[in-house]
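To keep things clear, I will list the structure first and then write my remarks on it.
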Amino acid sequence: MRTFTPLRKIATLAATGVFALSLAACGASETPADGSSSAGAKLTVGFVAVGPEGGWRTANEENIKEAFKNADIELKYAPATNGDQNSQITAFTSFVDEDVDAIVLSATEATGWETSLKKAQEAEIPVVLLDRGIEPNDDSLYTSLIAPDNVGISAAAATWANARFPDGGNYVVLEGPPGLSVVNDRNKGWDATVESSLKKVGSQSANWSTEEAKSVFETMLKSKSNDIQLVFAQNDEMGLGAVQAVEEAGLTPGKDVKIITIDGTKNALTALSEGKLSFVAEYNPLFGEDAVAVVKKAVAGESVEKNIVVKSVTFDSPEAAKTALPERKY
Ligand code: AHR
């Protein structure tokens, strides 16, 4: 297990006699809420964020903000401008120039981060990736990636599809924006697992959007004379758009067309409880405490896991959704 140890931080901690705190790499930290890097000095962390994008993103970013606030760490929130990577790179560079103690990054694009990450590394500022990886995945350029397992989650969805369609059928994929690490990994897990008897008759990005997914799937249904039995929607909003398209076509979602989604928001679980969706895989967004624990360890010069997998569950029936809904946090 390789680690990134910011020597500047150790020198500071040693000088102030602050003892490195040992923390669980995942889950709530063992340390007091005090987020100081030394007696009195409060940690400052730059959050290069995606910004408003849908239910999952809102839950994720609110959870991260709350976790850092509870840890008494100053989190400087910098959402992207309309999903534009250039605005993220500008914010990232500003945080390095400000000499923050650490940066957490949820990237709007997988590629194009090498220069920025090297700049942070030269400044000995640890960078923790949240949710989204980078491509090519040079893991010497960042301290840790915290995310649920996209490959495993989409493989679980395909396993469910194989069981529900033992005699095969036609399916389409509604993808997130092209080039994102989560999109590539969700395709990877699905493609490696789905049986060949299930035939892909279409795939297209609907950019995480309900409205766009409705339009895209309406066109797909028309082009195949409604001969599509399954939709793999790579997030909840697109799956709910597919439900609307199925109903507009005079078909019954859950019966004529089964729809799989990823995220696990309340809207999706409600649709599953009503039989409109057929399978929902959670992509657990609530990892703010993990992010705080990793940042504290990195700043204290302690080693951290390079890849921290956030546990997620799946829901495969209306009954499972009804049972889960009262306890859901997003
Ligand atoms: O990166 C995670 C994805 O981004 C979620 O599945 C989607 O809803 C969000 O917009």
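In the structure tokens, each chain is lettered A, B, ... as it comes, each chain's residues begin at 1, and ligands are numbered from 1 in order of appearance.
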- List all protein, DNA and RNA residues that have at least one atom no more than 10 Å from any atom of ligand 1, counting only C-alpha atoms and all ligand atoms, and write them as an MDAnalysis selection string. chainID A and resid 50:58 60 106:108 130:133 147:148 150 175:177 180:183 186 207:209 233:238 261:265 281:285
- Message: Could you list, as a PyMOL selection string, every residue within 8 Å of A:Ala78, counting only C-alpha atoms and ignoring same-chain residues fewer than 6 positions away?
- Response: chain A and resi 46-49+51+88+91
- Query: When DSSP works through the backbone of this structure, what residues of stretch 15-159 of chain A end up as alpha helix (DSSP H), shown as an MDAnalysis selection string?
  - Reply: chainID A and resid 15:16 55:70 85:98 114:122 150:159
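Using only C-alpha atoms for every distance, the candidate list A:Tyr77, A:Phe279, A:Trp190, A:Phe95 yields A:Phe279 as the residue closest to A:Asp316.
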- Message: Would you pick out the contacts of A:Asn162 at 12 Å or less, using only C-alpha atoms, so that residues sharing its chain but fewer than 3 positions from it are not included, and give the list as a VMD selection string?
- Response: chain A and resid 155 to 159 165 to 171 190 to 191 193 to 199 230
Can you write out the residues you just picked, keeping N, CA and C atoms, as a CSV table (one decimal), in the first residue's frame?
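Final output, part31.csv:
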```
chain,number,residue,atom,x,y,z
A,155,ALA,N,-22.3,-4.7,-12.2
A,155,ALA,CA,-22.2,-6.1,-12.4
A,155,ALA,C,-23.4,-6.8,-11.6
A,156,ALA,N,-23.7,-6.2,-10.4
A,156,ALA,CA,-24.9,-6.8,-9.7
A,156,ALA,C,-26.2,-6.5,-10.4
A,157,ALA,N,-26.3,-5.4,-11.1
A,157,ALA,CA,-27.4,-5.1,-11.9
A,157,ALA,C,-27.6,-6.0,-13.1
A,158,ALA,N,-26.5,-6.3,-13.7
A,158,ALA,CA,-26.5,-7.3,-14.8
A,158,ALA,C,-26.8,-8.7,-14.3
A,159,THR,N,-26.3,-9.1,-13.2
A,159,THR,CA,-26.7,-10.4,-12.6
A,159,THR,C,-28.2,-10.5,-12.4
A,165,PHE,N,-34.2,-12.4,-17.1
A,165,PHE,CA,-34.5,-12.7,-18.6
A,165,PHE,C,-33.7,-13.9,-19.0
A,166,PRO,N,-34.1,-15.1,-18.4
A,166,PRO,CA,-33.3,-16.3,-18.8
A,166,PRO,C,-33.4,-16.7,-20.2
A,167,ASP,N,-34.5,-16.2,-20.9
A,167,ASP,CA,-34.6,-16.5,-22.4
A,167,ASP,C,-34.1,-15.3,-23.2
A,168,GLY,N,-33.5,-14.3,-22.5
A,168,GLY,CA,-32.9,-13.1,-23.2
A,168,GLY,C,-33.9,-12.1,-23.5
A,169,GLY,N,-33.5,-11.1,-24.4
A,169,GLY,CA,-34.4,-10.0,-24.7
A,169,GLY,C,-33.5,-8.9,-25.3
A,170,ASN,N,-34.2,-7.8,-25.6
A,170,ASN,CA,-33.5,-6.6,-26.1
A,170,ASN,C,-33.4,-5.5,-25.0
A,171,TYR,N,-32.2,-4.9,-24.9
A,171,TYR,CA,-32.1,-3.8,-23.9
A,171,TYR,C,-31.3,-2.6,-24.5
A,190,TRP,N,-21.2,-3.9,-16.2
A,190,TRP,CA,-22.4,-4.4,-16.9
A,190,TRP,C,-21.9,-5.3,-18.1
A,191,ASP,N,-21.1,-4.8,-18.9
A,191,ASP,CA,-20.7,-5.6,-20.1
A,191,ASP,C,-20.0,-6.9,-19.8
A,193,THR,N,-20.7,-8.8,-17.4
A,193,THR,CA,-21.5,-9.7,-16.6
A,193,THR,C,-22.8,-10.1,-17.4
A,194,VAL,N,-23.3,-9.2,-18.2
A,194,VAL,CA,-24.6,-9.5,-18.8
A,194,VAL,C,-24.5,-10.7,-19.8
A,195,GLU,N,-25.5,-11.5,-19.8
A,195,GLU,CA,-25.4,-12.7,-20.7
A,195,GLU,C,-25.6,-12.3,-22.2
A,196,SER,N,-25.1,-13.0,-23.1
A,196,SER,CA,-25.2,-12.7,-24.5
A,196,SER,C,-26.6,-12.8,-25.0
A,197,SER,N,-27.4,-13.6,-24.3
A,197,SER,CA,-28.8,-13.7,-24.7
A,197,SER,C,-29.6,-12.4,-24.6
A,198,LEU,N,-29.1,-11.5,-23.7
A,198,LEU,CA,-29.6,-10.1,-23.7
A,198,LEU,C,-28.9,-9.3,-24.7
A,199,LYS,N,-29.6,-8.8,-25.7
A,199,LYS,CA,-28.9,-8.1,-26.8
A,199,LYS,C,-29.1,-6.6,-26.6
A,230,LEU,N,-35.8,-4.2,-21.7
A,230,LEU,CA,-35.0,-3.8,-20.5
A,230,LEU,C,-34.3,-2.5,-20.8
```
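Interatomic distance, atom CA of A:Lys224 against atom CA of A:Ala206: 18.2 Å.
Closest approach to A:Val151 among A:Thr111, A:Asn184, A:Thr44, A:Ser317 is made by A:Asn184 (distances from only C-alpha atoms).
Closest approach to A:Gly288 from the set A:Val310, A:Leu240, A:Glu211, A:Asn82 is made by A:Val310, with distances taken over only C-alpha atoms.
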Determine, for each residue of stretch 117-195 of chain A having at least one atom at most 12 Å from an atom of stretch 297-302 of chain A, the closest pair of atoms and their separation in Å to one decimal, counting only C-alpha atoms; order by chain and ascending number, as a tab-separated table.
```
residue	atom	partner	partner_atom	distance
A:Glu124	CA	A:Val299	CA	9.6
A:Ile125	CA	A:Val299	CA	8.2
A:Pro126	CA	A:Ala298	CA	6.5
A:Val127	CA	A:Ala298	CA	8.8
A:Val128	CA	A:Ala298	CA	9.0
A:Tyr142	CA	A:Ala298	CA	10.7
A:Thr143	CA	A:Ala298	CA	7.4
A:Ser144	CA	A:Ala298	CA	9.2
```
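When atom CA of A:Glu218 is paired with atom CA of A:Gly239, their separation reads 12.5 Å.
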- Of the candidates A:Ala271, A:Ile146, A:Gly250, A:Ser203, which shows the shortest atom-to-atom distance to A:Lys311, using only C-alpha atoms? A:Ile146
- Item | Filtered DSSP result for stretch 106-325 of chain A, state strand (DSSP E), as a PyMOL selection string | chain A and resi 127-130+144-147+169-175+198-205+230-233+258-263+279-282+307-309+314-315
